[in-house]
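Asks: model_22.pdb is reproduced below (PDB, C-alpha atoms).
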ATOM      1  CA  ASN T   1      26.261 -13.676  23.166
ATOM      2  CA  PRO T   2      27.666 -12.361  19.869
ATOM      3  CA  PRO T   3      25.413 -11.717  16.837
ATOM      4  CA  VAL T   4      24.736 -14.661  14.534
ATOM      5  CA  PRO T   5      24.014 -14.739  10.768
ATOM      6  CA  ASP T   6      20.391 -14.463   9.658
ATOM      7  CA  GLY T   7      18.599 -17.802   9.755
ATOM      8  CA  GLN T   8      21.073 -19.534  12.036
ATOM      9  CA  ASP T   9      19.011 -19.096  15.206
ATOM     10  CA  PRO T  10      15.337 -18.263  14.447
ATOM     11  CA  SER T  11      14.594 -17.657  18.133
ATOM     12  CA  ARG T  12      16.849 -14.592  18.027
ATOM     13  CA  MET T  13      15.580 -13.140  14.747
ATOM     14  CA  VAL T  14      13.115 -10.277  14.439
ATOM     15  CA  ARG T  15      10.099 -10.741  12.199
ATOM     16  CA  HIS T  16       9.673  -7.154  11.137
ATOM     17  CA  PRO T  17      12.422  -4.872   9.750
ATOM     18  CA  TYR T  18      11.371  -2.047  12.081
ATOM     19  CA  GLU T  19      12.468  -4.191  15.025
ATOM     20  CA  GLY T  20      16.091  -4.542  13.893
ATOM     21  CA  ASP T  21      18.742  -3.144  16.232
ATOM     22  CA  GLY T  22      20.225   0.155  15.123
ATOM     23  CA  ALA T  23      23.751   0.400  13.764
ATOM     24  CA  ILE T  24      25.884   3.177  12.387
ATOM     25  CA  LEU T  25      28.301   3.209   9.467
ATOM     26  CA  GLY T  26      31.125   5.718   9.174
ATOM     27  CA  VAL T  27      33.409   6.264   6.191
ATOM     28  CA  SER T  28      36.571   8.407   6.492
ATOM     29  CA  PHE T  29      38.453   9.434   3.357
ATOM     30  CA  GLU T  30      42.225   9.826   3.500
ATOM     31  CA  GLY T  31      43.768  13.072   2.321
ATOM     32  CA  GLY T  32      46.244  13.471  -0.499
ATOM     33  CA  ASP T  33      46.603  10.991  -3.335
ATOM     34  CA  SER T  34      46.158   7.796  -1.304
ATOM     35  CA  ASN T  35      42.612   7.162  -2.597
ATOM     36  CA  GLN T  36      41.912   5.197   0.556
ATOM     37  CA  ALA T  37      38.926   5.139   2.865
ATOM     38  CA  THR T  38      38.392   3.716   6.337
ATOM     39  CA  VAL T  39      35.039   2.098   7.062
ATOM     40  CA  ARG T  40      33.687   1.613  10.571
ATOM     41  CA  PHE T  41      30.471  -0.177  11.541
ATOM     42  CA  ARG T  42      29.119  -0.368  15.082
ATOM     43  CA  TYR T  43      25.846  -1.458  16.638
ATOM     44  CA  ILE T  44      24.135   1.079  18.884
ATOM     45  CA  ARG T  45      24.632  -0.415  22.344
ATOM     46  CA  THR T  46      21.141   0.325  23.581
ATOM     47  CA  VAL T  47      19.941  -0.858  26.962
ATOM     48  CA  ALA T  48      17.636  -3.339  25.226
ATOM     49  CA  LEU T  49      20.371  -4.764  22.983
ATOM     50  CA  THR T  50      22.677  -5.161  25.986
ATOM     51  CA  ASN T  51      19.959  -7.022  27.902
ATOM     52  CA  GLU T  52      19.291  -9.365  24.975
ATOM     53  CA  ARG T  53      22.980 -10.097  24.455
ATOM     54  CA  LYS T  54      23.356 -10.998  28.123
ATOM     55  CA  LYS T  55      20.411 -13.414  27.925
ATOM     56  CA  GLY T  56      21.265 -14.699  24.448
ATOM     57  CA  ALA T  57      17.600 -14.411  23.476
ATOM     58  CA  LYS T  58      15.058 -11.939  22.127
ATOM     59  CA  LEU T  59      13.296 -10.283  25.069
ATOM     60  CA  TYR T  60      11.133  -7.598  23.443
ATOM     61  CA  THR T  61       8.244  -7.485  20.986
ATOM     62  CA  GLY T  62       6.690  -4.529  19.230
ATOM     63  CA  MET T  63       5.915  -4.645  15.503
ATOM     64  CA  GLU T  64       5.803  -8.414  15.190
ATOM     65  CA  SER T  65       2.149  -9.333  15.442
ATOM     66  CA  THR T  66      -0.843  -7.879  13.670
ATOM     67  CA  ARG T  67      -4.126  -6.720  15.106
ATOM     68  CA  GLU T  68      -6.177  -9.461  13.427
ATOM     69  CA  LEU T  69      -4.142 -12.069  11.592
ATOM     70  CA  GLY T  70      -1.180 -12.744  13.859
ATOM     71  CA  SER T  71       2.557 -12.568  13.338
ATOM     72  CA  ASP T  72       2.595 -15.047  10.411
ATOM     73  CA  CYS T  73       0.596 -12.733   8.148
ATOM     74  CA  ALA T  74       2.663 -11.988   5.007
ATOM     75  CA  LEU T  75       5.741 -13.520   6.611
ATOM     76  CA  GLY T  76       5.451 -11.086   9.473
ATOM     77  CA  LEU T  77       5.166  -8.020   7.229
ATOM     78  CA  GLY T  78       1.397  -7.790   6.982
ATOM     79  CA  ASN T  79       0.774  -4.660   8.999
ATOM     80  CA  ASP T  80       3.113  -1.797   9.802
ATOM     81  CA  TRP T  81       1.026  -0.616  12.749
ATOM     82  CA  GLN T  82       0.109  -3.538  14.923
ATOM     83  CA  LEU T  83      -1.663  -3.925  18.212
ATOM     84  CA  PRO T  84       1.495  -4.420  20.294
ATOM     85  CA  LEU T  85       2.827  -1.062  19.126
ATOM     86  CA  TYR T  86      -0.395   0.667  20.207
ATOM     87  CA  ARG T  87      -0.447  -1.247  23.475
ATOM     88  CA  HIS T  88       3.099  -0.217  24.282
ATOM     89  CA  HIS T  89       2.361   3.422  23.445
ATOM     90  CA  LEU T  90      -0.744   3.548  25.626
ATOM     91  CA  GLN T  91       0.797   2.074  28.753
ATOM     92  CA  PRO T  92       1.590   4.808  31.294
ATOM     93  CA  GLY T  93       5.120   5.644  32.288
ATOM     94  CA  LEU T  94       8.316   4.138  30.967
ATOM     95  CA  ASN T  95       7.338   0.800  29.441
ATOM     96  CA  LYS T  96      10.177  -1.652  30.019
ATOM     97  CA  LEU T  97       8.797  -4.056  27.388
ATOM     98  CA  ARG T  98       9.022  -1.445  24.660
ATOM     99  CA  LYS T  99      12.363  -1.694  22.883
ATOM    100  CA  ASN T 100      14.190   1.479  21.913
ATOM    101  CA  THR T 101      16.000   0.085  18.885
ATOM    102  CA  SER T 102      17.639   3.452  18.050
ATOM    103  CA  ASN T 103      17.473   2.422  14.395
ATOM    104  CA  THR T 104      15.782   5.324  12.610
ATOM    105  CA  ARG T 105      18.311   8.052  11.832
ATOM    106  CA  ALA T 106      21.767   9.313  12.736
ATOM    107  CA  ILE T 107      21.985  13.072  13.301
ATOM    108  CA  TYR T 108      25.006  15.337  13.662
ATOM    109  CA  TRP T 109      24.505  18.832  15.035
ATOM    110  CA  GLY T 110      26.402  21.070  17.419
ATOM    111  CA  LYS T 111      29.388  18.685  17.332
ATOM    112  CA  ARG T 112      27.177  15.890  18.689
ATOM    113  CA  LEU T 113      26.336  12.624  16.967
ATOM    114  CA  LEU T 114      22.993  11.111  17.916
ATOM    115  CA  SER T 115      21.216   7.908  16.966
ATOM    116  CA  THR T 116      17.459   8.305  17.151
ATOM    117  CA  TRP T 117      14.181   6.413  17.318
ATOM    118  CA  GLU T 118      10.715   7.968  17.284
ATOM    119  CA  GLY T 119       9.500   6.440  20.535
ATOM    120  CA  GLY T 120      12.234   7.206  23.070
ATOM    121  CA  GLN T 121      15.381   9.046  24.012
ATOM    122  CA  PRO T 122      18.235   9.480  21.531
ATOM    123  CA  TYR T 123      21.575   7.786  22.110
ATOM    124  CA  LYS T 124      24.728   9.880  22.156
ATOM    125  CA  MET T 125      27.589   8.493  20.077
ATOM    126  CA  ASP T 126      31.300   9.163  19.819
ATOM    127  CA  ALA T 127      31.586  10.756  16.378
ATOM    128  CA  LEU T 128      34.996   9.223  15.655
ATOM    129  CA  ALA T 129      34.968   5.786  17.295
ATOM    130  CA  LEU T 130      31.175   5.337  16.833
ATOM    131  CA  SER T 131      31.001   3.927  20.357
ATOM    132  CA  THR T 132      27.795   4.361  22.340
ATOM    133  CA  GLU T 133      27.943   6.784  25.245
ATOM    134  CA  GLY T 134      24.374   6.194  26.436
ATOM    135  CA  ARG T 135      20.910   7.688  26.349
ATOM    136  CA  SER T 136      20.707  11.459  26.429
ATOM    137  CA  ARG T 137      18.072  13.948  27.532
ATOM    138  CA  LEU T 138      20.077  16.630  25.737
ATOM    139  CA  GLY T 139      20.977  18.638  28.780
ATOM    140  CA  GLY T 140      17.441  18.588  30.160
ATOM    141  CA  ALA T 141      15.720  19.562  26.913
ATOM    142  CA  ILE T 142      13.817  16.265  27.125
ATOM    143  CA  ARG T 143      11.962  16.673  30.404
ATOM    144  CA  ARG T 144      11.386  13.049  31.440
ATOM    145  CA  ASP T 145      12.965   9.674  30.737
ATOM    146  CA  GLU T 146       9.763   8.411  29.133
ATOM    147  CA  ASP T 147       9.292  11.369  26.771
ATOM    148  CA  PRO T 148       9.755  10.453  23.072
ATOM    149  CA  PHE T 149      12.086  12.381  20.783
ATOM    150  CA  GLY T 150      11.579  12.256  17.030
ATOM    151  CA  SER T 151      14.199  11.295  14.474
ATOM    152  CA  LYS T 152      13.545  14.090  11.972
ATOM    153  CA  MET T 153      15.690  17.244  12.036
ATOM    154  CA  VAL T 154      14.956  20.432  10.091
ATOM    155  CA  VAL T 155      17.775  22.978   9.810
ATOM    156  CA  ASP T 156      17.061  26.707   9.808
ATOM    157  CA  SER T 157      20.095  27.832   7.839
ATOM    158  CA  LYS T 158      19.325  31.549   8.254
ATOM    159  CA  GLN T 159      19.365  31.438  12.057
ATOM    160  CA  ASN T 160      21.638  28.400  12.348
ATOM    161  CA  ARG T 161      19.146  26.409  14.384
ATOM    162  CA  ALA T 162      17.924  22.826  14.395
ATOM    163  CA  LEU T 163      14.295  21.843  14.930
ATOM    164  CA  PHE T 164      13.015  18.499  16.215
ATOM    165  CA  TYR T 165       9.725  17.230  17.527
ATOM    166  CA  GLY T 166       8.509  14.658  20.000
ATOM    167  CA  LEU T 167       5.070  13.054  19.917
ATOM    168  CA  GLU T 168       3.381  11.818  23.070
ATOM    169  CA  GLN T 169       0.424   9.620  22.115
ATOM    170  CA  ASP T 170      -2.711   8.736  24.021
ATOM    171  CA  ALA T 171      -6.039   7.206  23.059
ATOM    172  CA  LYS T 172      -8.018  10.443  23.395
ATOM    173  CA  GLN T 173      -5.416  13.170  23.002
ATOM    174  CA  SER T 174      -1.829  13.480  21.816
ATOM    175  CA  GLU T 175       0.755  16.224  22.245
ATOM    176  CA  ILE T 176       3.540  17.490  19.986
ATOM    177  CA  THR T 177       6.605  19.037  21.568
ATOM    178  CA  LEU T 178       8.535  21.238  19.143
ATOM    179  CA  TYR T 179      12.211  21.715  20.049
ATOM    180  CA  GLU T 180      14.395  24.510  18.713
ATOM    181  CA  PHE T 181      18.137  24.252  19.375
ATOM    182  CA  GLY T 182      20.932  26.711  18.759
ATOM    183  CA  GLU T 183      24.273  25.851  17.220
ATOM    184  CA  ASP T 184      25.527  24.595  20.611
ATOM    185  CA  PHE T 185      22.643  22.054  20.768
ATOM    186  CA  ARG T 186      20.986  23.924  23.643
ATOM    187  CA  LEU T 187      17.392  25.123  23.632
ATOM    188  CA  ILE T 188      17.176  28.695  22.397
ATOM    189  CA  ASP T 189      16.266  31.224  25.113
ATOM    190  CA  GLY T 190      16.121  28.491  27.731
ATOM    191  CA  THR T 191      12.787  26.675  27.838
ATOM    192  CA  ALA T 192      11.360  29.073  25.214
ATOM    193  CA  GLY T 193      12.820  26.678  22.657
ATOM    194  CA  ARG T 194      10.333  24.010  23.714
ATOM    195  CA  THR T 195       6.695  24.504  22.658
ATOM    196  CA  TYR T 196       3.691  22.223  23.169
ATOM    197  CA  PHE T 197       0.730  21.646  20.844
ATOM    198  CA  PRO T 198      -2.241  19.417  21.832
ATOM    199  CA  LEU T 199      -3.826  17.206  19.171
ATOM    200  CA  PRO T 200      -7.160  15.356  19.271
ATOM    201  CA  GLY T 201      -7.109  11.559  19.283
ATOM    202  CA  PHE T 202      -4.248   9.122  18.749
ATOM    203  CA  ALA T 203      -1.895  10.987  16.411
ATOM    204  CA  ILE T 204       0.514   9.221  14.061
ATOM    205  CA  LEU T 205       3.184  11.445  12.501
ATOM    206  CA  ASN T 206       5.988  10.532  10.158
ATOM    207  CA  ASP T 207       7.709  13.733   9.060
ATOM    208  CA  PHE T 208       7.680  17.493   9.292
ATOM    209  CA  ALA T 209       8.969  20.623   7.586
ATOM    210  CA  ALA T 210       9.355  24.199   8.761
ATOM    211  CA  THR T 211       9.026  27.690   7.298
ATOM    212  CA  GLN T 212       9.874  30.996   8.912
ATOM    213  CA  ASN T 213       6.606  31.024  10.844
ATOM    214  CA  TYR T 214       5.156  27.511  10.705
ATOM    215  CA  ALA T 215       5.944  23.857  11.333
ATOM    216  CA  VAL T 216       4.028  21.470   9.063
ATOM    217  CA  PHE T 217       3.545  17.849  10.188
ATOM    218  CA  VAL T 218       2.660  14.813   8.084
TER     219      VAL T 218
END
Take the structure in the file and write it out as structure tokens.
Replies:
Amino acid sequence: NPPVPDGQDPSRMVRHPYEGDGAILGVSFEGGDSNQATVRFRYIRTVALTNERKKGAKLYTGMESTRELGSDCALGLGNDWQLPLYRHHLQPGLNKLRKNTSNTRAIYWGKRLLSTWEGGQPYKMDALALSTEGRSRLGGAIRRDEDPFGSKMVVDSKQNRALFYGLEQDAKQSEITLYEFGEDFRLIDGTAGRTYFPLPGFAILNDFAATQNYAVFV
């Protein structure tokens, strides 16, 4: 079923902005003195979005109910880190009820356009048409289908490299995977561009920066 305007069908609406399906906007400027621009807007055709369009209904939940007060708290905006999010993270394997919205950030590197989300694989996009080509493990850099890949990229302009991280969370211990890609979007020195760091407890990260010798996580 096609998208509908907000408020027209409450059963299909999300109750938290983090649950909105990802989309990408492209603007191309004409050369010369035409002063014209072409605007393109496309939804990321994720597996979850495709499933929901086929059923004509919302099939996934994640950030929509709070730990204590329920989904009606503050019009559904009462808590940014609710119990369903934790529950989905702590389930083993690839959780089919956990929706990869691919709505966090668009990244262009090594002539590849990616749409990302912190909890799952990135989606590869056509950089001109903005069509969705599918989920990507980046040539095997992401080891398993269920491994998360973060949406933050740090560019090392001196060495022309791009750094990303993935965070695998568990109740007692978490693990950061730090990825370092060359200009061709391949791991530097093979698997040497992928480093693992264990963390105690259930880690929640939002951003990171890098110096010549260190990666700093927030």
Asks: Can you pull out every residue within 7 Å of segment 170-179 of chain T, counting all atoms listed in the file, but drop anything in the same chain fewer than 4 positions away, and send it as a tab-separated table (two decimals) with C-alpha atoms, keeping the file's coordinate frame?
Replies:
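So the final result, stored in selection-v8.tsv, reads:
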chain	number	residue	atom	x	y	z
T	90	LEU	CA	-0.74	3.55	25.63
T	163	LEU	CA	14.30	21.84	14.93
T	164	PHE	CA	13.02	18.50	16.22
T	165	TYR	CA	9.72	17.23	17.53
T	166	GLY	CA	8.51	14.66	20.00
T	193	GLY	CA	12.82	26.68	22.66
T	194	ARG	CA	10.33	24.01	23.71
T	195	THR	CA	6.70	24.50	22.66
T	196	TYR	CA	3.69	22.22	23.17
T	197	PHE	CA	0.73	21.65	20.84
T	198	PRO	CA	-2.24	19.42	21.83
T	199	LEU	CA	-3.83	17.21	19.17
T	200	PRO	CA	-7.16	15.36	19.27
T	201	GLY	CA	-7.11	11.56	19.28
T	202	PHE	CA	-4.25	9.12	18.75
T	203	ALA	CA	-1.90	10.99	16.41
Asks: Mind giving me the straight-line distance from atom CA of Tyr108 of chain T to atom CA of Ala127 of chain T in Å, one decimal?
Replies: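 Value for the atom CA of Tyr108 of chain T-atom CA of Ala127 of chain T distance: 8.5 Å.
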Asks: Set the distance at 9 Å and use all atoms listed in the file: which residues neighbour segment 210-214 of chain T once local chain neighbours fewer than 2 positions away are removed? I'd like the list as a PDB file with C-alpha atoms, in the frame of the given file.
Replies:
ATOM      1  CA  VAL T 154      14.956  20.432  10.091  1.00  0.00           C
ATOM      2  CA  VAL T 155      17.775  22.978   9.810  1.00  0.00           C
ATOM      3  CA  ASP T 156      17.061  26.707   9.808  1.00  0.00           C
ATOM      4  CA  LEU T 163      14.295  21.843  14.930  1.00  0.00           C
ATOM      5  CA  PHE T 208       7.680  17.493   9.292  1.00  0.00           C
ATOM      6  CA  VAL T 216       4.028  21.470   9.063  1.00  0.00           C
ATOM      7  CA  PHE T 217       3.545  17.849  10.188  1.00  0.00           C
TER       8      PHE T 217
END
Asks: Identify which of the residues T:Phe41, T:Arg105, T:Arg12, T:Gly31 lies closest to Arg53 of chain T, counting all atoms listed in the file when measuring atom-to-atom distances.
Replies: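 Ranked by minimum distance to Arg53 of chain T, first place goes to T:Arg12.
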Asks: With the file shown as input, list the residues that the PyMOL selection byres ((chain T and resi 114) around 12) selects, as a ChimeraX atom specification.
Replies: /T:22-24,44,102-113,115-117,121-127,130-138,149-153,185
Asks: Considering only C-alpha atoms, state which residue in the set T:Pro5, T:Gly26, T:Gly182, T:Gly56 is at the smallest distance from Gln159 of chain T.
Replies: T:Gly182
Asks: Please write the residues picked by the PyMOL selection byres ((chain T and resi 11) around 8) on this file as a ChimeraX atom specification.
Replies: /T:9-10,12-13,57-58
Asks: Tell me which of T:Val39, T:Gly119, T:Asp6, T:Thr50 sits closest to Gln169 of chain T, counting all atoms listed in the file.
Replies: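 The answer is T:Gly119, which sits nearest to Gln169 of chain T.
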Asks: Grab the atom CA of Ala162 of chain T to atom CA of Arg144 of chain T distance for me, in Å with one decimal place.
Replies: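 Value for the atom CA of Ala162 of chain T-atom CA of Arg144 of chain T distance: 20.7 Å.
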Asks: So how many Å separate atom CA of Leu205 of chain T and atom CA of Gly120 of chain T, to one decimal?
Replies: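 So the two atoms, atom CA of Leu205 of chain T and atom CA of Gly120 of chain T, lie 14.5 Å apart.
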Asks: From the set T:Ser28, T:Asp33, T:Val14, T:Asn100, which residue has the shortest atom-to-atom contact distance to Asn51 of chain T, counting all atoms listed in the file?
Replies: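 Nearest to Asn51 of chain T: T:Asn100.
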Asks: How big is the axis-aligned box around the listed atoms of segment 101-107 of chain T once 6 Å is added on each side, and where is its centre? Give both in Å to one decimal, as lines of an AutoDock Vina configuration file.
Replies:
center_x = 18.9
center_y = 6.6
center_z = 15.4
size_x = 18.2
size_y = 25.0
size_z = 19.1
Asks: Which residue out of T:Gly20, T:Gly32, T:Gly190, T:Pro2 has the minimum interatomic distance to Ala48 of chain T when only C-alpha atoms are used?
Replies: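 Of the candidates, the smallest distance to Ala48 of chain T is held by T:Gly20.
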